[in-house]
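Chemist: model37.cif is the file, holding mmCIF, C-alpha atoms:
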data_run
#
loop_
_atom_site.label_atom_id
_atom_site.label_comp_id
_atom_site.auth_asym_id
_atom_site.auth_seq_id
_atom_site.Cartn_x
_atom_site.Cartn_y
_atom_site.Cartn_z
CA MET A 705 -23.57 19.48 0.48
CA ALA A 706 -25.75 21.33 2.97
CA ILE A 707 -26.27 18.23 5.09
CA ALA A 708 -22.53 17.46 5.09
CA THR A 709 -21.78 21.04 6.13
CA LEU A 710 -24.45 20.99 8.86
CA ILE A 711 -23.37 17.68 10.39
CA THR A 712 -19.66 18.47 10.19
CA GLY A 713 -19.98 22.11 11.22
CA HIS A 714 -22.11 21.39 14.27
CA GLY A 715 -19.94 18.58 15.58
CA LEU A 716 -16.64 20.34 14.99
CA SER A 717 -17.74 23.71 16.34
CA VAL A 718 -18.85 22.16 19.62
CA LEU A 719 -15.62 20.13 19.89
CA ILE A 720 -13.39 23.10 19.06
CA PHE A 721 -15.12 25.62 21.31
CA SER A 722 -15.13 23.08 24.15
CA ALA A 723 -11.37 22.59 23.74
CA LEU A 724 -10.46 26.28 23.83
CA GLY A 725 -8.77 27.22 27.09
CA GLN A 726 -8.66 23.70 28.51
CA PRO A 727 -5.59 22.82 30.58
CA LEU A 728 -3.42 20.02 29.26
CA ASN A 729 -3.76 17.78 32.26
CA HIS A 730 -5.76 14.64 32.95
CA THR A 731 -8.20 13.19 30.43
CA VAL A 732 -9.41 16.52 29.06
CA GLY A 733 -5.88 17.54 28.10
CA LEU A 734 -5.34 14.26 26.28
CA LEU A 735 -8.59 14.72 24.37
CA VAL A 736 -7.55 18.26 23.35
CA VAL A 737 -4.24 16.93 22.01
CA ILE A 738 -6.08 14.18 20.11
CA LEU A 739 -8.47 16.81 18.69
CA HIS A 740 -5.53 18.87 17.44
CA GLY A 741 -3.95 15.76 15.91
CA CYS A 742 -7.10 14.56 14.13
CA LEU A 743 -7.87 18.03 12.79
CA MET A 744 -4.31 18.43 11.51
CA GLY A 745 -4.47 14.90 10.05
CA VAL A 746 -7.10 16.08 7.58
CA GLY A 747 -4.65 18.65 6.24
CA LEU A 748 -1.62 16.38 6.38
CA ALA A 749 -3.52 13.81 4.32
CA ARG A 750 -2.99 16.21 1.39
CA CYS A 751 0.68 15.14 1.45
CA ILE A 752 -0.24 11.58 0.46
CA PRO A 753 -2.16 12.13 -2.80
CA PRO A 754 -3.34 8.58 -3.56
CA TYR A 755 -4.83 8.17 -0.07
CA ARG A 756 -5.75 11.76 0.84
CA HIS A 757 -9.51 11.24 0.74
CA ILE A 758 -9.40 7.99 2.67
CA LEU A 759 -7.11 9.33 5.42
CA ALA A 760 -8.86 12.69 5.72
CA ALA A 761 -12.32 11.09 5.74
CA GLY A 762 -11.12 8.67 8.43
CA CYS A 763 -9.92 11.55 10.65
CA THR A 764 -13.13 13.50 10.09
CA GLY A 765 -15.25 10.42 10.71
CA ALA A 766 -13.42 9.66 13.95
CA LEU A 767 -13.98 13.20 15.22
CA LEU A 768 -17.65 13.22 14.30
CA GLY A 769 -18.16 9.71 15.67
CA PHE A 770 -16.53 10.80 18.93
CA PHE A 771 -18.76 13.86 19.20
CA TYR A 772 -22.04 12.20 18.30
CA GLY A 773 -21.23 9.13 20.42
CA TRP A 774 -20.38 11.44 23.33
CA THR A 775 -23.60 13.44 23.06
CA ALA A 776 -25.93 10.53 22.27
CA PHE A 777 -24.95 8.57 25.39
CA GLY A 778 -24.80 11.27 28.04
CA GLU A 779 -21.15 12.29 27.65
CA ALA A 780 -19.82 8.82 28.36
CA LEU A 781 -16.18 8.53 27.36
CA ARG A 782 -16.49 4.86 26.46
CA ALA A 783 -19.40 5.57 24.11
CA ALA A 784 -17.40 8.41 22.57
CA GLY A 785 -14.51 6.01 21.95
CA VAL A 786 -16.80 3.48 20.31
CA GLY A 787 -18.34 6.30 18.26
CA ALA A 788 -14.86 7.40 17.17
CA GLY A 789 -14.05 3.85 16.02
CA VAL A 790 -17.32 3.53 14.11
CA GLY A 791 -16.83 7.01 12.63
CA LEU A 792 -13.29 6.12 11.58
CA GLY A 793 -14.50 3.01 9.76
CA LEU A 794 -17.39 4.85 8.14
CA GLY A 795 -15.11 7.70 7.09
CA ILE A 796 -12.62 5.32 5.49
CA ALA A 797 -15.44 3.50 3.69
CA LEU A 798 -16.87 6.76 2.36
CA GLY A 799 -13.38 7.87 1.30
CA LEU A 800 -13.06 4.65 -0.70
CA TRP A 801 -16.54 4.59 -2.25
CA TRP A 802 -17.49 8.21 -2.84
CA ARG A 803 -15.23 9.02 -5.77
CA ARG A 804 -17.59 10.77 -8.21
CA GLY A 805 -20.62 12.98 -8.40
CA LEU A 806 -22.49 14.81 -5.69
CA ALA A 807 -21.51 12.33 -2.98
CA ALA A 808 -17.83 13.03 -3.60
CA ILE A 809 -18.54 16.77 -3.49
CA ALA A 810 -20.32 16.32 -0.14
CA LEU A 811 -17.32 14.38 1.19
CA VAL A 812 -14.78 17.00 0.12
CA THR A 813 -17.06 19.71 1.56
CA ALA A 814 -16.85 17.98 4.94
CA LEU A 815 -13.07 17.63 4.59
CA ALA A 816 -12.63 21.31 3.71
CA ALA A 817 -14.82 22.30 6.68
CA THR A 818 -12.76 20.10 9.00
CA SER A 819 -9.53 21.56 7.70
CA SER A 820 -10.95 25.06 8.23
CA GLY A 821 -11.77 24.10 11.81
CA ALA A 822 -8.16 23.08 12.28
CA VAL A 823 -7.01 26.49 11.08
CA PHE A 824 -9.32 28.16 13.60
CA LEU A 825 -8.23 25.99 16.54
CA LEU A 826 -4.53 26.23 15.71
CA GLY A 827 -4.83 29.98 15.11
CA THR A 828 -6.50 30.65 18.46
CA THR A 829 -3.89 28.53 20.19
CA ALA A 830 -1.15 30.46 18.38
CA ILE A 831 -2.64 33.80 19.39
CA ALA A 832 -2.90 32.73 23.03
CA GLY A 833 0.72 31.55 22.98
CA LEU A 834 1.99 34.70 21.31
CA LEU A 835 0.11 36.94 23.74
CA ALA A 836 1.60 35.03 26.65
CA ARG A 837 5.04 35.31 24.98
CA HIS A 838 5.38 31.57 25.09
CA PRO A 839 7.61 29.86 22.49
CA TRP A 840 4.77 27.47 21.61
CA GLY A 841 2.99 30.47 20.13
CA LEU A 842 5.51 30.51 17.29
CA VAL A 843 5.17 26.76 16.77
CA PHE A 844 1.39 27.02 16.53
CA THR A 845 1.71 30.01 14.20
CA GLY A 846 3.74 27.84 11.82
CA LEU A 847 1.23 25.00 12.14
CA THR A 848 -1.61 27.43 11.43
CA LEU A 849 0.07 28.66 8.25
CA MET A 850 0.75 25.09 7.12
CA GLN A 851 -2.83 24.04 7.82
CA GLY A 852 -4.07 27.15 6.02
CA ARG A 853 -2.23 25.99 2.90
CA PHE A 854 -3.82 22.54 3.16
CA THR A 855 -7.26 24.11 3.61
CA TRP A 856 -6.68 26.19 0.51
CA GLN A 857 -5.91 22.99 -1.42
CA TRP A 858 -9.08 21.25 -0.16
CA THR A 859 -11.10 24.29 -1.16
CA GLN A 860 -9.52 24.41 -4.62
CA GLU A 861 -10.30 20.73 -5.11
CA LEU A 862 -13.90 21.32 -4.03
CA GLU A 863 -14.23 24.20 -6.48
CA THR A 864 -12.83 22.07 -9.30
CA MET A 865 -15.18 19.19 -8.49
CA ILE A 866 -18.22 21.48 -8.50
CA ARG A 867 -17.20 23.06 -11.80
CA LEU A 868 -16.63 19.66 -13.42
CA GLU A 869 -19.94 18.35 -12.12
CA GLN A 870 -21.70 21.34 -13.65
CA GLU A 871 -19.96 20.67 -16.96
CA GLY A 872 -21.06 17.06 -16.98
CA GLY A 873 -18.38 15.30 -14.91
CA GLN A 874 -15.77 14.88 -17.67
CA ASP A 875 -12.71 14.58 -15.42
CA ASN A 876 -12.46 13.93 -11.71
CA PRO A 877 -9.48 15.39 -9.79
CA GLN A 878 -9.68 12.46 -7.37
CA ASP A 879 -8.60 10.11 -10.13
CA ARG A 880 -5.24 11.82 -10.50
#
Can you present the structure in this file as structure tokens?
Modeler:
Amino acid sequence: MAIATLITGHGLSVLIFSALGQPLNHTVGLLVVILHGCLMGVGLARCIPPYRHILAAGCTGALLGFFYGWTAFGEALRAAGVGAGVGLGLGIALGLWWRRGLAAIALVTALAATSSGAVFLLGTTAIAGLLARHPWGLVFTGLTLMQGRFTWQWTQELETMIRLEQEGGQDNPQDR
């Protein structure tokens, strides 16, 4: 769990803090919009119960693949795109395979951390919009509240998985 938190937390914090305050023009603006979409995708995956882990892990994997591809190859956009594709595939594979035990707990830890990052990014965007008295501030406030609910659900699932693992793994909430 610690490794999942470290890898996810480092990558997402750099991406999120780099996106704050960026104008929505040119390539950087497009990347900020994609970041918002992928982060929100982790929460929205909660709405599709049979595929929530696969979809959320794919979004998280794409973000982390983008970040680590970007940093490993000198901030080359093409390498970041390839990294995002590899991360997407790896995330989907992990979402399919890691269904039980400590590996599943590590996966849901990463998903909850990613969903929390979405709440932070959406919340700061909402605050900036509200302070500027821009109507988008209200939209992002609503998105923040919605994402907060999804984050709560990921956290509850993580808590349940840890408790069940401590009791001997009798029932897995992912199987429902």
Chemist: Would you write out, as a Markdown table, a table of all residues in range 748-830 of chain A that have an atom no more than 10 Å from an atom of range 710-731 of chain A, listing for each the closest atom pair and the distance in Å to one decimal, considering all atoms listed in the file and ordering rows by chain and rising residue number?
Modeler:
| residue | atom | partner | partner_atom | distance |
| --- | --- | --- | --- | --- |
| A:Thr764 | CA | A:Thr712 | CA | 8.2 |
| A:Gly765 | CA | A:Thr712 | CA | 9.2 |
| A:Leu767 | CA | A:Leu716 | CA | 7.6 |
| A:Leu768 | CA | A:Gly715 | CA | 6.0 |
| A:Gly769 | CA | A:Gly715 | CA | 9.0 |
| A:Phe770 | CA | A:Gly715 | CA | 9.1 |
| A:Phe771 | CA | A:Gly715 | CA | 6.1 |
| A:Tyr772 | CA | A:Gly715 | CA | 7.2 |
| A:Thr775 | CA | A:Gly715 | CA | 9.8 |
| A:Leu781 | CA | A:Thr731 | CA | 9.7 |
| A:Thr813 | CA | A:Thr712 | CA | 9.1 |
| A:Ala814 | CA | A:Thr712 | CA | 6.0 |
| A:Leu815 | CA | A:Thr712 | CA | 8.7 |
| A:Ala816 | CA | A:Thr712 | CA | 10.0 |
| A:Ala817 | CA | A:Gly713 | CA | 6.9 |
| A:Thr818 | CA | A:Leu716 | CA | 7.1 |
| A:Ser820 | CA | A:Gly713 | CA | 10.0 |
| A:Gly821 | CA | A:Leu716 | CA | 6.9 |
| A:Ala822 | CA | A:Ile720 | CA | 8.6 |
| A:Phe824 | CA | A:Ile720 | CA | 8.5 |
| A:Leu825 | CA | A:Ile720 | CA | 6.4 |
| A:Leu826 | CA | A:Ile720 | CA | 10.0 |
| A:Thr828 | CA | A:Leu724 | CA | 8.0 |
| A:Thr829 | CA | A:Leu724 | CA | 7.8 |
Chemist: Rounded to one decimal place, report the CA of Gln870 in chain A-CA of Val812 in chain A distance in Å.
Modeler: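 A separation of 16.0 Å between them.
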Chemist: To test your reading of the syntax: which residues would the PyMOL selection byres ((chain A and resi 783-787) around 6) return for the file shown? Reply as a ChimeraX atom specification.
Modeler: /A:769-770,773-774,780-782,788-791
Chemist: Can you list, as a ChimeraX atom specification, every protein, DNA or RNA residue that comes within 10 Å of Ile758 in chain A when you count all atoms listed in the file, leaving out same-chain residues fewer than 5 positions away?
Modeler: /A:746,749,753,763-764,792,795-802
Chemist: Which of these residues is nearest to Met865 in chain A, using all atoms listed in the file: A:Leu811, A:Ala761, A:Ala706, A:Ala830?
Modeler: A:Leu811
Chemist: Please measure the separation of CA of Gly747 in chain A and CA of Thr845 in chain A, giving the value in Å to one decimal.
Modeler: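 Atom-to-atom, CA of Gly747 in chain A and CA of Thr845 in chain A are spaced 15.3 Å apart.
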Chemist: May I have the residues at most 10 Å from (-3.7, 25.2, 2.7) in the file's coordinates, counting only C-alpha atoms, as a PDB file with C-alpha atoms, in the coordinates of the input?
Modeler:
ATOM      1  CA  GLY A 747      -4.650  18.650   6.240  1.00  0.00           C
ATOM      2  CA  LEU A 748      -1.620  16.380   6.380  1.00  0.00           C
ATOM      3  CA  ARG A 750      -2.990  16.210   1.390  1.00  0.00           C
ATOM      4  CA  ALA A 816     -12.630  21.310   3.710  1.00  0.00           C
ATOM      5  CA  SER A 819      -9.530  21.560   7.700  1.00  0.00           C
ATOM      6  CA  SER A 820     -10.950  25.060   8.230  1.00  0.00           C
ATOM      7  CA  VAL A 823      -7.010  26.490  11.080  1.00  0.00           C
ATOM      8  CA  THR A 848      -1.610  27.430  11.430  1.00  0.00           C
ATOM      9  CA  LEU A 849       0.070  28.660   8.250  1.00  0.00           C
ATOM     10  CA  MET A 850       0.750  25.090   7.120  1.00  0.00           C
ATOM     11  CA  GLN A 851      -2.830  24.040   7.820  1.00  0.00           C
ATOM     12  CA  GLY A 852      -4.070  27.150   6.020  1.00  0.00           C
ATOM     13  CA  ARG A 853      -2.230  25.990   2.900  1.00  0.00           C
ATOM     14  CA  PHE A 854      -3.820  22.540   3.160  1.00  0.00           C
ATOM     15  CA  THR A 855      -7.260  24.110   3.610  1.00  0.00           C
ATOM     16  CA  TRP A 856      -6.680  26.190   0.510  1.00  0.00           C
ATOM     17  CA  GLN A 857      -5.910  22.990  -1.420  1.00  0.00           C
ATOM     18  CA  TRP A 858      -9.080  21.250  -0.160  1.00  0.00           C
ATOM     19  CA  THR A 859     -11.100  24.290  -1.160  1.00  0.00           C
ATOM     20  CA  GLN A 860      -9.520  24.410  -4.620  1.00  0.00           C
TER      21      GLN A 860
END
Chemist: So what do you get for CA of Gly827 in chain A versus CA of Phe844 in chain A, distance-wise?
Modeler: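 Spanning CA of Gly827 in chain A to CA of Phe844 in chain A is a straight-line distance of 7.0 Å.
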